[in-house]
Every structure is written in C-alpha cells, then in structure tokens.
$ cat run-v8.csv   # CSV, N, CA and C atoms
chain,number,residue,atom,x,y,z
A,1,SER,N,294.2,177.5,123.2
A,1,SER,CA,293.8,178.9,123.7
A,1,SER,C,292.5,178.7,124.5
A,2,GLY,N,292.2,179.8,125.3
A,2,GLY,CA,291.0,179.8,126.1
A,2,GLY,C,289.8,179.7,125.3
A,3,ALA,N,289.7,180.4,124.2
A,3,ALA,CA,288.5,180.4,123.3
A,3,ALA,C,288.3,179.0,122.7
A,4,TYR,N,289.4,178.4,122.3
A,4,TYR,CA,289.2,177.0,121.8
A,4,TYR,C,288.7,176.0,122.8
A,5,GLN,N,289.3,176.1,124.1
A,5,GLN,CA,288.9,175.2,125.1
A,5,GLN,C,287.4,175.5,125.5
A,6,ASN,N,287.0,176.8,125.6
A,6,ASN,CA,285.7,177.1,125.9
A,6,ASN,C,284.7,176.5,124.8
A,7,LYS,N,285.1,176.6,123.6
A,7,LYS,CA,284.2,176.1,122.5
A,7,LYS,C,284.1,174.5,122.6
A,8,ALA,N,285.3,173.9,122.9
A,8,ALA,CA,285.3,172.5,123.0
A,8,ALA,C,284.4,172.0,124.2
A,9,GLN,N,284.5,172.7,125.3
A,9,GLN,CA,283.7,172.4,126.5
A,9,GLN,C,282.3,172.6,126.2
A,10,LYS,N,281.9,173.6,125.5
A,10,LYS,CA,280.5,173.9,125.1
A,10,LYS,C,280.0,172.8,124.2
A,11,ASP,N,280.8,172.4,123.2
A,11,ASP,CA,280.4,171.3,122.3
A,11,ASP,C,280.2,170.0,123.0
A,12,ILE,N,281.1,169.7,123.9
A,12,ILE,CA,281.0,168.4,124.6
A,12,ILE,C,279.8,168.4,125.5
A,13,ALA,N,279.5,169.5,126.2
A,13,ALA,CA,278.4,169.5,127.1
A,13,ALA,C,277.1,169.4,126.3
A,14,LYS,N,277.0,170.0,125.1
A,14,LYS,CA,275.9,169.9,124.3
A,14,LYS,C,275.7,168.5,123.8
A,15,GLU,N,276.8,167.9,123.3
A,15,GLU,CA,276.7,166.5,122.8
A,15,GLU,C,276.2,165.5,123.9
A,16,LEU,N,276.7,165.7,125.1
A,16,LEU,CA,276.3,164.8,126.2
A,16,LEU,C,275.0,165.3,127.0
A,17,GLY,N,274.5,166.4,126.6
A,17,GLY,CA,273.2,166.9,127.2
A,17,GLY,C,273.5,167.4,128.6
A,18,LEU,N,274.6,168.0,128.9
A,18,LEU,CA,274.9,168.4,130.2
A,18,LEU,C,274.8,169.9,130.4
A,19,GLY,N,274.5,170.4,131.6
A,19,GLY,CA,274.6,171.8,131.9
A,19,GLY,C,276.0,172.2,132.0
A,20,ARG,N,276.3,173.5,132.0
A,20,ARG,CA,277.6,174.0,132.1
A,20,ARG,C,277.8,174.9,133.3
A,21,THR,N,279.0,174.9,133.9
A,21,THR,CA,279.4,175.9,134.9
A,21,THR,C,280.8,176.4,134.6
A,22,GLY,N,281.0,177.6,135.1
A,22,GLY,CA,282.3,178.2,135.0
A,22,GLY,C,283.3,177.8,136.0
A,23,GLY,N,284.5,177.7,135.7
A,23,GLY,CA,285.6,177.3,136.7
A,23,GLY,C,286.9,177.6,136.2
A,24,SER,N,287.9,177.7,137.1
A,24,SER,CA,289.3,177.9,136.6
A,24,SER,C,290.2,176.9,137.3
A,25,ASP,N,291.4,176.9,136.7
A,25,ASP,CA,292.4,176.1,137.3
A,25,ASP,C,293.5,177.0,137.9
A,26,GLY,N,293.0,178.1,138.5
A,26,GLY,CA,293.9,179.1,139.0
A,26,GLY,C,294.6,178.7,140.2
A,27,HIS,N,295.9,179.0,140.2
A,27,HIS,CA,296.8,178.7,141.4
A,27,HIS,C,297.3,179.9,142.1
A,28,ARG,N,296.8,181.1,141.7
A,28,ARG,CA,297.2,182.4,142.3
A,28,ARG,C,296.0,183.2,142.6
A,29,ALA,N,296.1,184.1,143.6
A,29,ALA,CA,295.0,184.9,144.0
A,29,ALA,C,294.5,185.8,142.9
A,30,LYS,N,295.4,186.3,142.0
A,30,LYS,CA,295.0,187.2,140.9
A,30,LYS,C,294.1,186.5,139.9
A,31,LYS,N,293.9,185.2,140.0
A,31,LYS,CA,293.1,184.5,139.1
A,31,LYS,C,291.7,184.3,139.7
A,32,ILE,N,291.5,184.7,140.9
A,32,ILE,CA,290.2,184.5,141.6
A,32,ILE,C,289.2,185.5,140.9
A,33,GLY,N,288.0,185.0,140.5
A,33,GLY,CA,287.0,185.8,139.9
A,33,GLY,C,287.1,185.9,138.4
A,34,THR,N,288.0,185.2,137.8
A,34,THR,CA,288.2,185.3,136.3
A,34,THR,C,287.2,184.3,135.6
A,35,SER,N,286.5,183.5,136.3
A,35,SER,CA,285.5,182.7,135.7
A,35,SER,C,284.3,182.6,136.7
A,36,TYR,N,283.1,182.4,136.1
A,36,TYR,CA,281.9,182.5,136.9
A,36,TYR,C,280.8,181.7,136.3
A,37,THR,N,279.8,181.4,137.2
A,37,THR,CA,278.5,180.8,136.8
A,37,THR,C,277.4,181.7,137.3
A,38,THR,N,276.5,182.0,136.4
A,38,THR,CA,275.4,182.9,136.8
A,38,THR,C,274.0,182.1,136.6
A,39,PHE,N,273.1,182.6,137.4
A,39,PHE,CA,271.8,182.0,137.4
A,39,PHE,C,270.7,183.1,137.4
A,40,GLU,N,269.6,182.8,136.7
A,40,GLU,CA,268.5,183.8,136.7
A,40,GLU,C,267.5,183.5,137.8
A,41,MET,N,268.0,183.7,139.0
A,41,MET,CA,267.1,183.5,140.2
A,41,MET,C,267.7,184.2,141.4
A,42,GLY,N,266.9,184.4,142.4
A,42,GLY,CA,267.4,185.1,143.6
A,42,GLY,C,268.1,184.1,144.5
A,43,ARG,N,267.9,184.3,145.8
A,43,ARG,CA,268.4,183.3,146.7
A,43,ARG,C,267.9,181.9,146.4
A,44,ALA,N,268.8,180.9,146.6
A,44,ALA,CA,268.4,179.6,146.2
A,44,ALA,C,269.1,178.6,147.1
A,45,SER,N,268.5,177.4,147.3
A,45,SER,CA,269.1,176.4,148.0
A,45,SER,C,270.1,175.6,147.1
A,46,VAL,N,270.9,174.8,147.7
A,46,VAL,CA,271.9,174.0,146.9
A,46,VAL,C,271.1,173.2,145.9
A,47,GLU,N,270.0,172.6,146.3
A,47,GLU,CA,269.2,171.8,145.4
A,47,GLU,C,268.7,172.6,144.2
A,48,GLU,N,268.2,173.8,144.5
A,48,GLU,CA,267.7,174.6,143.4
A,48,GLU,C,268.9,175.0,142.4
A,49,VAL,N,270.0,175.3,142.9
A,49,VAL,CA,271.2,175.6,142.1
A,49,VAL,C,271.5,174.4,141.2
A,50,ARG,N,271.6,173.2,141.9
A,50,ARG,CA,271.9,172.0,141.1
A,50,ARG,C,270.9,171.7,140.1
A,51,ASP,N,269.6,171.9,140.4
A,51,ASP,CA,268.5,171.7,139.4
A,51,ASP,C,268.6,172.6,138.2
A,52,ASN,N,269.0,173.9,138.5
A,52,ASN,CA,269.2,174.9,137.4
A,52,ASN,C,270.3,174.5,136.5
A,53,ILE,N,271.4,173.9,137.0
A,53,ILE,CA,272.5,173.5,136.2
A,53,ILE,C,272.0,172.3,135.3
A,54,ARG,N,271.3,171.3,136.0
A,54,ARG,CA,270.9,170.2,135.2
A,54,ARG,C,269.9,170.6,134.1
A,55,LYS,N,269.1,171.6,134.4
A,55,LYS,CA,268.1,172.0,133.4
A,55,LYS,C,268.7,173.0,132.4
A,56,LYS,N,270.0,173.2,132.5
A,56,LYS,CA,270.7,174.1,131.6
A,56,LYS,C,270.2,175.5,131.7
A,57,LYS,N,269.9,176.0,132.9
A,57,LYS,CA,269.5,177.3,133.1
A,57,LYS,C,270.6,178.2,133.7
A,58,ALA,N,271.8,177.6,133.7
A,58,ALA,CA,273.0,178.3,134.2
A,58,ALA,C,273.8,178.8,133.1
A,59,SER,N,274.4,179.9,133.2
A,59,SER,CA,275.3,180.5,132.2
A,59,SER,C,276.7,180.6,132.8
A,60,CYS,N,277.7,180.4,132.0
A,60,CYS,CA,279.1,180.6,132.5
A,60,CYS,C,279.9,181.5,131.6
A,61,GLY,N,280.9,182.1,132.2
A,61,GLY,CA,281.7,183.0,131.4
A,61,GLY,C,283.1,183.2,132.1
A,62,GLY,N,283.9,184.0,131.6
A,62,GLY,CA,285.2,184.3,132.2
A,62,GLY,C,286.0,185.1,131.3
A,63,ILE,N,287.2,185.4,131.8
A,63,ILE,CA,288.2,186.2,131.1
A,63,ILE,C,289.3,185.3,130.8
A,64,SER,N,289.6,185.2,129.5
A,64,SER,CA,290.8,184.4,129.0
A,64,SER,C,292.0,185.3,129.1
A,65,ARG,N,293.0,184.8,129.8
A,65,ARG,CA,294.2,185.6,129.9
A,65,ARG,C,295.1,185.7,128.7
A,66,GLY,N,294.9,184.7,127.8
A,66,GLY,CA,295.7,184.8,126.5
A,66,GLY,C,297.1,184.4,126.8
A,67,TYR,N,297.8,184.0,125.7
A,67,TYR,CA,299.1,183.5,125.8
A,67,TYR,C,300.1,184.5,126.3
A,68,ALA,N,300.0,185.7,126.0
A,68,ALA,CA,301.0,186.7,126.5
A,68,ALA,C,300.9,186.9,128.0
A,69,LEU,N,299.8,186.6,128.6
A,69,LEU,CA,299.7,186.7,130.1
A,69,LEU,C,300.0,185.4,130.7
A,70,VAL,N,299.9,184.3,130.0
A,70,VAL,CA,300.2,183.0,130.6
A,70,VAL,C,301.7,182.7,130.5
A,71,PHE,N,302.3,183.2,129.5
A,71,PHE,CA,303.7,182.8,129.3
A,71,PHE,C,304.7,183.1,130.5
A,72,PRO,N,304.6,184.2,131.2
A,72,PRO,CA,305.5,184.4,132.3
A,72,PRO,C,305.3,183.4,133.4
A,73,ASP,N,304.0,183.0,133.7
A,73,ASP,CA,303.8,182.0,134.7
A,73,ASP,C,304.3,180.6,134.3
A,74,LEU,N,304.1,180.3,133.0
A,74,LEU,CA,304.6,179.0,132.4
A,74,LEU,C,306.1,179.0,132.5
A,75,THR,N,306.7,180.1,132.1
A,75,THR,CA,308.2,180.1,132.2
A,75,THR,C,308.7,179.9,133.6
A,76,LYS,N,308.1,180.6,134.5
A,76,LYS,CA,308.6,180.5,135.9
A,76,LYS,C,308.4,179.1,136.5
A,77,ALA,N,307.2,178.5,136.2
A,77,ALA,CA,307.0,177.1,136.6
A,77,ALA,C,308.0,176.1,136.0
A,78,THR,N,308.3,176.3,134.7
A,78,THR,CA,309.2,175.4,134.0
A,78,THR,C,310.6,175.6,134.6
A,79,LEU,N,311.0,176.8,134.9
A,79,LEU,CA,312.4,177.0,135.5
A,79,LEU,C,312.5,176.3,136.9
A,80,LYS,N,311.4,176.5,137.7
A,80,LYS,CA,311.4,175.9,139.0
A,80,LYS,C,311.5,174.4,138.9
A,81,TRP,N,310.8,173.8,138.0
A,81,TRP,CA,310.8,172.4,137.8
A,81,TRP,C,312.2,171.9,137.3
A,82,THR,N,312.8,172.6,136.4
A,82,THR,CA,314.1,172.3,135.9
A,82,THR,C,315.1,172.3,137.0
A,83,PHE,N,315.1,173.4,137.8
A,83,PHE,CA,316.1,173.5,138.9
A,83,PHE,C,315.9,172.5,140.1
A,84,ARG,N,314.7,172.0,140.1
A,84,ARG,CA,314.4,170.9,141.1
A,84,ARG,C,314.8,169.5,140.6
A,85,GLY,N,315.4,169.5,139.5
A,85,GLY,CA,315.8,168.2,138.9
A,85,GLY,C,314.7,167.5,138.2
A,86,MET,N,313.7,168.3,137.7
A,86,MET,CA,312.6,167.7,137.0
A,86,MET,C,311.8,166.7,137.8
A,87,ARG,N,311.8,166.9,139.1
A,87,ARG,CA,311.0,166.0,140.0
A,87,ARG,C,309.7,166.7,140.3
A,88,LYS,N,308.7,165.9,140.6
A,88,LYS,CA,307.4,166.5,141.1
A,88,LYS,C,307.6,167.0,142.5
A,89,VAL,N,306.8,168.0,142.9
A,89,VAL,CA,306.9,168.6,144.2
A,89,VAL,C,306.3,167.6,145.2

$ encode --input "run-v8.csv" --output "structure tokens"
Amino acid sequence: SGAYQNKAQKDIAKELGLGRTGGSDGHRAKKIGTSYTTFEMGRASVEEVRDNIRKKKASCGGISRGYALVFPDLTKATLKWTFRGMRKV
C-alpha cells in the first residue's frame, strides 16, 4: 500500500542519512500533482534547492490512491498485456 511504501522510504532515507523528495510513478494526466516536495524558502536557485534536500530541510507528501482506485488501472493494463500475447510493448 502507499502508506507502507511511504514508511519504508522514510525509514530507508533515515537509515542512510538522506533527504527526501516526493515523486510519483504516474502514467496518466490525472496523477499529476498527487505527490510533491515543499521547501521553507522563497525563490531559490537549483543549488539552494539541492542543498535544502541534502540538509533534510525539504518535506514531501502526496495522496495515496489506495487499492480501490488502483485496481481499475491494474486490470486494464493486465488485460492489454494478455491480449498482446504477454509481450512487452
């Protein structure tokens, strides 16, 4: 589930001493904006953003779609794959 993956990611980042960022593996327009990274600063250069991530001053979050909302996409993808003869695209 999304909550489990988020906790696992948080634990791994903590164990390795890494900063965190939000991101998604979205393949459809409706998934844009469902995860994010925030910073407590105004306008910043790429270097300042990178430094804030390294210093663990960035926060991440998002919206977990949950199994009920993922199931239709998973079913559709599985059917397409099956009708393709189980070959990669």

$ closest_residue --input "run-v8.csv" --among "A:Met86, A:Leu18, A:Ala29, A:Leu69" --to "Lys55 in chain A" --atoms "all atoms listed in the file"
A:Leu18

$ atom_distance --input "run-v8.csv" --atom1 "CA of Thr37 in chain A" --atom2 "atom N of Val70 in chain A"
22.7 Å

$ closest_residue --input "run-v8.csv" --among "A:Ser24, A:Gly19, A:Arg84, A:Leu74" --to "Ile53 in chain A" --atoms "only C-alpha atoms"
A:Gly19

$ closest_residue --input "run-v8.csv" --among "A:Arg28, A:Ser59, A:Gly22, A:Arg54" --to "Glu40 in chain A" --atoms "all atoms listed in the file"
A:Ser59

$ closest_residue --input "run-v8.csv" --among "A:Arg43, A:Lys56, A:Arg87, A:Glu48" --to "Ala13 in chain A" --atoms "only C-alpha atoms"
A:Lys56

$ closest_residue --input "run-v8.csv" --among "A:Asn6, A:Ser35, A:Thr82, A:Ser64" --to "Gly23 in chain A" --atoms "all atoms listed in the file"
A:Ser35

$ select_by_dssp --input "run-v8.csv" --residues "range 40-84 of chain A" --states "alpha helix (DSSP H)" --output "list in words"
Val46, Glu47, Glu48, Val49, Arg50, Asp51, Asn52, Ile53, Arg54, Gly66, Tyr67, Ala68, Leu69, Val70, Phe71, Pro72, Asp73, Leu74, Thr75, Lys76, Ala77, Thr78, Leu79, Lys80, Trp81, Thr82 and Phe83 of chain A

$ atom_distance --input "run-v8.csv" --atom1 "atom N of Asn52 in chain A" --atom2 "CA of Thr21 in chain A"
11.2 Å

$ select_by_dssp --input "run-v8.csv" --residues "range 2-82 of chain A" --states "strand (DSSP E)" --output "ChimeraX atom specification"
/A:35-39,58-62
